[in-house]
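Undergrad: Quick one: the structure is below, questions incoming.
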Amino acid sequence: MDFLRPASWEEALAAKAEHPTAVPIAGGTDVMVEINFDHRRPEYLLDLNRVGELSEWEVGAESVRLGASVPYTRIMENLRGELPGLALASHTVASPQIRNRGGVGGNLGTASPAGDAHPALLAAGAEVEAESVRGSRLIPIDAFYTGVKRNALAPDELIRAVHIKKADGPQQYSKVGTRNAMVIAVCAFGLALHPETRTVRTGIGSAAPTPVRAKAAEEFLNAALDEGGFWDNGKIITPSVAKQFADLCSAACNPIDDVRGTASYRRHAVGIMARRTLTWTWESYRGTAAHTEGVA
């Protein structure tokens, strides 16, 4: 196994172009586990730790450009207001040591359906900035996951950053694990309210071959909120609407039985998380200044 250590982003792109099979490593929290258990033995490792810009972020007027290697700890500490869903997801990542090393770029590169960041990125409607010596492009998060641990990156591309719109409404994240820490998700669920467009987006992790959205559930809830005038009157969402939303989220799953949980349990748990996160986010929305008058 050869170890490539570029000193700049340009050198990294050149190395990836010359060695398309090279596996990028930054935090190493996924790659090193696979190597240590001999599940993977790449010909080349591409160390990106000397590329400082990957650990930087920029907060713009409408969105955050998050470097691929920004540690989860930094997201929790510095971007809780702009990216609340991703900050909540970051809290659930393993241990403090791993949160200090791991970043969203690693989750995206590995593309495991159990990656903690995926549901929050789906719910927020993120875009992945990919680059090669041929140029750069933005990949919508909905088009990024192409199969089990597969993504839309070309062989010579690297993830440079993730573009995430700043939250314009409440966001939530929930995860089920076999214990309280250092655990791979049995299933996870992210929800984001987008009052500016009067839409809701979801993200489901570890309950299908890839991270997925519950699109039928979103369409149902968007219609129910619009028809009932909920965005304007701030009324409590009725139990029947919440139940139907939860059932549709469960139906969006395509899980398997494994050592962490059964398929039926995953479907059930996703429905519970969907109902709870909807309740939490809507209560937060109702509590905003614009909806304190005339709320039933």
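For the structure tokens, the naming scheme is as follows: chains receive sequential letters (A, B, ...) according to their order of presentation, residues are indexed from 1 within each chain, and ligands are indexed from 1 in presentation order.
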What lies within 12 Å of A:Phe3 using only C-alpha atoms, ignoring chain neighbours under 2 positions off, as a list of chain:residue names?

TA: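 Those residues are A:Met1, A:Arg5, A:Pro6, A:Ala15, A:His19, A:Ala22, A:Val23, A:Pro24, A:Ile25, A:Pro42, A:Glu43, A:Tyr44, A:Leu45, A:Leu46, A:Asp47, A:Leu48.
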
Undergrad: Write out as a list in words the residues lying within 7 Å of A:Gly190, counting only C-alpha atoms and excluding same-chain residues fewer than 4 positions away.

TA: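 In the requested form, the answer reads Pro119, Ala120, Ala123, Gln172, Tyr173, Ser174, Thr202, Gly203 and Ile204 of chain A.
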
Undergrad: How would the residues just picked look written out with all heavy atoms as a CSV table (one decimal), in the first residue's frame?

TA:
chain,number,residue,atom,x,y,z
A,119,PRO,N,-29.1,11.8,6.9
A,119,PRO,CA,-30.4,12.3,7.0
A,119,PRO,C,-30.6,13.8,7.2
A,119,PRO,O,-31.5,14.4,6.6
A,119,PRO,CB,-30.9,11.6,8.3
A,119,PRO,CG,-30.1,10.3,8.4
A,119,PRO,CD,-28.7,10.7,7.9
A,120,ALA,N,-29.6,14.4,7.9
A,120,ALA,CA,-29.6,15.8,8.1
A,120,ALA,C,-29.3,16.5,6.7
A,120,ALA,O,-30.0,17.6,6.4
A,120,ALA,CB,-28.6,16.3,9.1
A,123,ALA,N,-32.5,16.3,4.5
A,123,ALA,CA,-33.5,17.1,5.0
A,123,ALA,C,-33.3,18.6,4.7
A,123,ALA,O,-34.2,19.4,4.4
A,123,ALA,CB,-33.8,16.9,6.5
A,172,GLN,N,-34.8,18.9,13.1
A,172,GLN,CA,-34.6,17.9,14.2
A,172,GLN,C,-33.9,16.7,13.6
A,172,GLN,O,-33.9,16.4,12.4
A,172,GLN,CB,-35.9,17.5,14.8
A,172,GLN,CG,-36.3,18.3,16.0
A,172,GLN,CD,-35.4,18.1,17.2
A,172,GLN,OE1,-34.7,17.1,17.3
A,172,GLN,NE2,-35.4,19.1,18.1
A,173,TYR,N,-33.3,15.9,14.5
A,173,TYR,CA,-32.6,14.7,14.1
A,173,TYR,C,-32.8,13.7,15.3
A,173,TYR,O,-32.7,14.0,16.4
A,173,TYR,CB,-31.1,14.9,13.9
A,173,TYR,CG,-30.3,13.7,13.6
A,173,TYR,CD1,-30.1,13.3,12.3
A,173,TYR,CD2,-29.7,12.9,14.6
A,173,TYR,CE1,-29.4,12.2,11.9
A,173,TYR,CE2,-28.9,11.8,14.2
A,173,TYR,CZ,-28.8,11.5,12.9
A,173,TYR,OH,-28.0,10.4,12.6
A,174,SER,N,-33.1,12.4,14.9
A,174,SER,CA,-33.3,11.4,15.9
A,174,SER,C,-32.6,10.1,15.4
A,174,SER,O,-32.6,9.8,14.2
A,174,SER,CB,-34.8,11.1,16.1
A,174,SER,OG,-35.0,10.2,17.2
A,202,THR,N,-37.4,15.4,4.5
A,202,THR,CA,-37.0,14.4,5.4
A,202,THR,C,-35.7,13.7,5.0
A,202,THR,O,-35.2,13.9,3.9
A,202,THR,CB,-38.1,13.3,5.5
A,202,THR,OG1,-38.3,12.7,4.2
A,202,THR,CG2,-39.4,13.9,6.0
A,203,GLY,N,-35.1,12.9,5.9
A,203,GLY,CA,-34.0,12.1,5.6
A,203,GLY,C,-34.0,10.8,6.4
A,203,GLY,O,-34.2,11.0,7.6
A,204,ILE,N,-33.8,9.7,5.8
A,204,ILE,CA,-33.8,8.4,6.6
A,204,ILE,C,-32.5,7.7,6.4
A,204,ILE,O,-32.0,7.6,5.3
A,204,ILE,CB,-35.0,7.5,6.1
A,204,ILE,CG1,-36.3,8.2,6.3
A,204,ILE,CG2,-34.9,6.2,6.8
A,204,ILE,CD1,-37.5,7.4,5.7

Undergrad: So that I can check the surroundings of A:Ile141, please list as a PyMOL selection string every protein, DNA and RNA residue that reaches within 8 Å of it, counting only C-alpha atoms and ignoring chain neighbours fewer than 2 positions away.

TA: chain A and resi 121-122+125-128+139+143-145

Undergrad: Point out the residue among A:Thr199, A:Asn233, A:Asn254, A:Ser63 with the least atom-to-atom distance to A:Thr288, counting only C-alpha atoms.

TA: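 Looking at the shortest contact to A:Thr288, the residue is A:Asn233.
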
Undergrad: Measuring atom to atom with only C-alpha atoms, identify which of A:Ala124, A:Val186, A:Arg198, A:Leu225 is nearest to A:Arg267.

TA: A:Val186

Undergrad: Calculate how many Å separate atom CA of A:Glu77 from atom CA of A:Trp57, rounding to one decimal.

TA: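 Computed distance, atom CA of A:Glu77 to atom CA of A:Trp57, equals 12.8 Å.
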
Undergrad: Smallest atom-to-atom distance to A:Thr178: which of A:Gly103, A:Gly261, A:Gly81, A:Gly271, using only C-alpha atoms?

TA: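 Closest to A:Thr178 of all the choices is A:Gly261.
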
Undergrad: Run DSSP on the backbone and tell me which residues of stretch 34-86 of chain A come out as alpha helix (DSSP H); list them as a PyMOL selection string.

TA: chain A and resi 34-36+72-78+84-86

Undergrad: Please provide as a list of chain:residue names all residues within 9 Å of A:Gly28, with the sequence filter that same-chain residues fewer than 6 positions apart are discarded (counting only C-alpha atoms).

TA: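 Non-adjacent residues within range: A:Arg101, A:Gly102, A:Gly106.
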
Undergrad: Write out as an NGL selection string the set of residues from stretch 12-180 of chain A that DSSP, computed on the backbone, places in strand (DSSP E).

TA: :A and (23-25 or 44-47 or 57-59 or 63-67 or 127-132 or 135-140 or 145-147 or 150-151 or 158-165 or 171-176)

Undergrad: Can you measure atom CA of A:Ala181 to atom CA of A:His91 for me? One decimal in Å is fine.

TA: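 If I compute the distance from atom CA of A:Ala181 to atom CA of A:His91, I get 10.0 Å.
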
Undergrad: Name all residues at most 12 Å from A:Ala214 (count only C-alpha atoms; drop same-chain ones fewer than 2 positions away) and give them as JSON, numbers by chain.

TA: {"A": [119, 122, 123, 142, 189, 190, 191, 200, 201, 202, 203, 204, 205, 207, 208, 211, 212, 216, 217, 218, 219, 220, 221, 245, 246, 247, 248, 249, 250, 251, 252, 253, 254, 270, 271, 274]}

Undergrad: Could you list, as number ranges by chain, every residue within 9 Å of A:Asn107, counting only C-alpha atoms and ignoring same-chain residues fewer than 3 positions away?

TA: A: 30, 102-104, 110-112, 115-118

Undergrad: Deliver the residues from the most recent selection as a file, using N, CA, C and O atoms, as a CSV table (one decimal), in the first residue's frame.

TA:
chain,number,residue,atom,x,y,z
A,30,ASP,N,-13.6,6.0,9.1
A,30,ASP,CA,-14.2,4.9,8.4
A,30,ASP,C,-13.1,4.0,7.7
A,30,ASP,O,-13.1,2.8,7.9
A,102,GLY,N,-13.4,13.1,12.6
A,102,GLY,CA,-14.3,12.8,11.5
A,102,GLY,C,-15.0,14.0,11.0
A,102,GLY,O,-15.3,15.0,11.7
A,103,GLY,N,-15.4,14.0,9.7
A,103,GLY,CA,-16.1,15.1,9.1
A,103,GLY,C,-17.2,14.6,8.1
A,103,GLY,O,-17.2,13.4,7.8
A,104,VAL,N,-18.0,15.5,7.6
A,104,VAL,CA,-19.0,15.1,6.7
A,104,VAL,C,-18.5,14.5,5.4
A,104,VAL,O,-19.1,13.6,4.8
A,110,THR,N,-17.8,7.6,2.0
A,110,THR,CA,-18.1,6.2,2.3
A,110,THR,C,-19.4,5.8,1.8
A,110,THR,O,-19.7,4.6,1.4
A,111,ALA,N,-20.4,6.7,1.9
A,111,ALA,CA,-21.8,6.5,1.5
A,111,ALA,C,-22.5,5.4,2.1
A,111,ALA,O,-23.4,4.8,1.5
A,112,SER,N,-22.1,5.0,3.3
A,112,SER,CA,-22.8,4.0,4.1
A,112,SER,C,-24.2,4.5,4.4
A,112,SER,O,-24.4,5.7,4.9
A,115,GLY,N,-24.4,6.2,7.8
A,115,GLY,CA,-23.7,7.5,8.1
A,115,GLY,C,-24.6,8.5,8.8
A,115,GLY,O,-25.7,8.8,8.4
A,116,ASP,N,-24.1,9.0,9.9
A,116,ASP,CA,-25.0,9.9,10.8
A,116,ASP,C,-25.4,11.2,10.1
A,116,ASP,O,-26.4,11.8,10.4
A,117,ALA,N,-24.5,11.7,9.2
A,117,ALA,CA,-24.8,13.0,8.6
A,117,ALA,C,-25.9,13.0,7.5
A,117,ALA,O,-26.5,14.0,7.2
A,118,HIS,N,-26.1,11.8,6.9
A,118,HIS,CA,-26.9,11.7,5.7
A,118,HIS,C,-28.3,12.2,5.9
A,118,HIS,O,-28.8,13.0,5.0

Undergrad: Considering only C-alpha atoms, return as a VMD selection string whatever protein or nucleic-acid residues lie within 9 Å of A:Leu54, sequence-local ones (same chain, fewer than 5 positions apart) excluded.

TA: chain A and resid 9 48 to 49 66 to 70 160 to 161

Undergrad: Now that the selection is made, can you save its residues with N, CA, C and O atoms as an mmCIF file, in the first residue's frame?

TA:
data_model
loop_
_atom_site.group_PDB
_atom_site.id
_atom_site.type_symbol
_atom_site.label_atom_id
_atom_site.label_comp_id
_atom_site.auth_asym_id
_atom_site.auth_seq_id
_atom_site.Cartn_x
_atom_site.Cartn_y
_atom_site.Cartn_z
ATOM 1 N N TRP A 9 -4.377 21.420 -2.430
ATOM 2 C CA TRP A 9 -5.540 20.862 -3.118
ATOM 3 C C TRP A 9 -5.194 20.519 -4.564
ATOM 4 O O TRP A 9 -5.619 19.470 -5.077
ATOM 5 N N LEU A 48 -5.255 13.620 2.970
ATOM 6 C CA LEU A 48 -5.658 15.006 2.700
ATOM 7 C C LEU A 48 -5.463 15.931 3.899
ATOM 8 O O LEU A 48 -5.916 17.074 3.879
ATOM 9 N N ASN A 49 -4.775 15.471 4.911
ATOM 10 C CA ASN A 49 -4.667 16.253 6.145
ATOM 11 C C ASN A 49 -3.823 17.515 6.004
ATOM 12 O O ASN A 49 -3.936 18.426 6.829
ATOM 13 N N LEU A 66 -19.307 24.213 3.703
ATOM 14 C CA LEU A 66 -18.648 23.433 4.752
ATOM 15 C C LEU A 66 -17.551 22.583 4.135
ATOM 16 O O LEU A 66 -17.829 21.696 3.320
ATOM 17 N N GLY A 67 -16.295 22.852 4.490
ATOM 18 C CA GLY A 67 -15.194 22.042 3.995
ATOM 19 C C GLY A 67 -15.379 20.579 4.338
ATOM 20 O O GLY A 67 -15.912 20.231 5.391
ATOM 21 N N ALA A 68 -14.915 19.711 3.455
ATOM 22 C CA ALA A 68 -15.148 18.274 3.609
ATOM 23 C C ALA A 68 -14.594 17.707 4.904
ATOM 24 O O ALA A 68 -15.099 16.717 5.431
ATOM 25 N N SER A 69 -13.536 18.335 5.453
ATOM 26 C CA SER A 69 -12.881 17.795 6.644
ATOM 27 C C SER A 69 -13.183 18.580 7.920
ATOM 28 O O SER A 69 -12.529 18.351 8.943
ATOM 29 N N VAL A 70 -14.148 19.498 7.879
ATOM 30 C CA VAL A 70 -14.508 20.211 9.111
ATOM 31 C C VAL A 70 -14.983 19.187 10.140
ATOM 32 O O VAL A 70 -15.943 18.459 9.888
ATOM 33 N N ARG A 160 -14.740 18.392 -2.145
ATOM 34 C CA ARG A 160 -14.075 19.582 -1.616
ATOM 35 C C ARG A 160 -14.882 20.223 -0.489
ATOM 36 O O ARG A 160 -14.308 20.724 0.489
ATOM 37 N N ALA A 161 -16.209 20.264 -0.644
ATOM 38 C CA ALA A 161 -17.050 20.933 0.347
ATOM 39 C C ALA A 161 -18.489 20.476 0.184
ATOM 40 O O ALA A 161 -18.832 19.769 -0.779
#

Undergrad: Quick one, how far is atom CA of A:Ile35 from atom CA of A:Val162?

TA: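 About the pair atom CA of A:Ile35 and atom CA of A:Val162: they are 26.2 Å apart.
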
Undergrad: Measuring atom to atom with only C-alpha atoms, identify which of A:Ser206, A:Ser132, A:Gln97, A:Ser55 is nearest to A:Ala12.

TA: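 Once distances to A:Ala12 are computed over only C-alpha atoms, the minimum belongs to A:Ser132.
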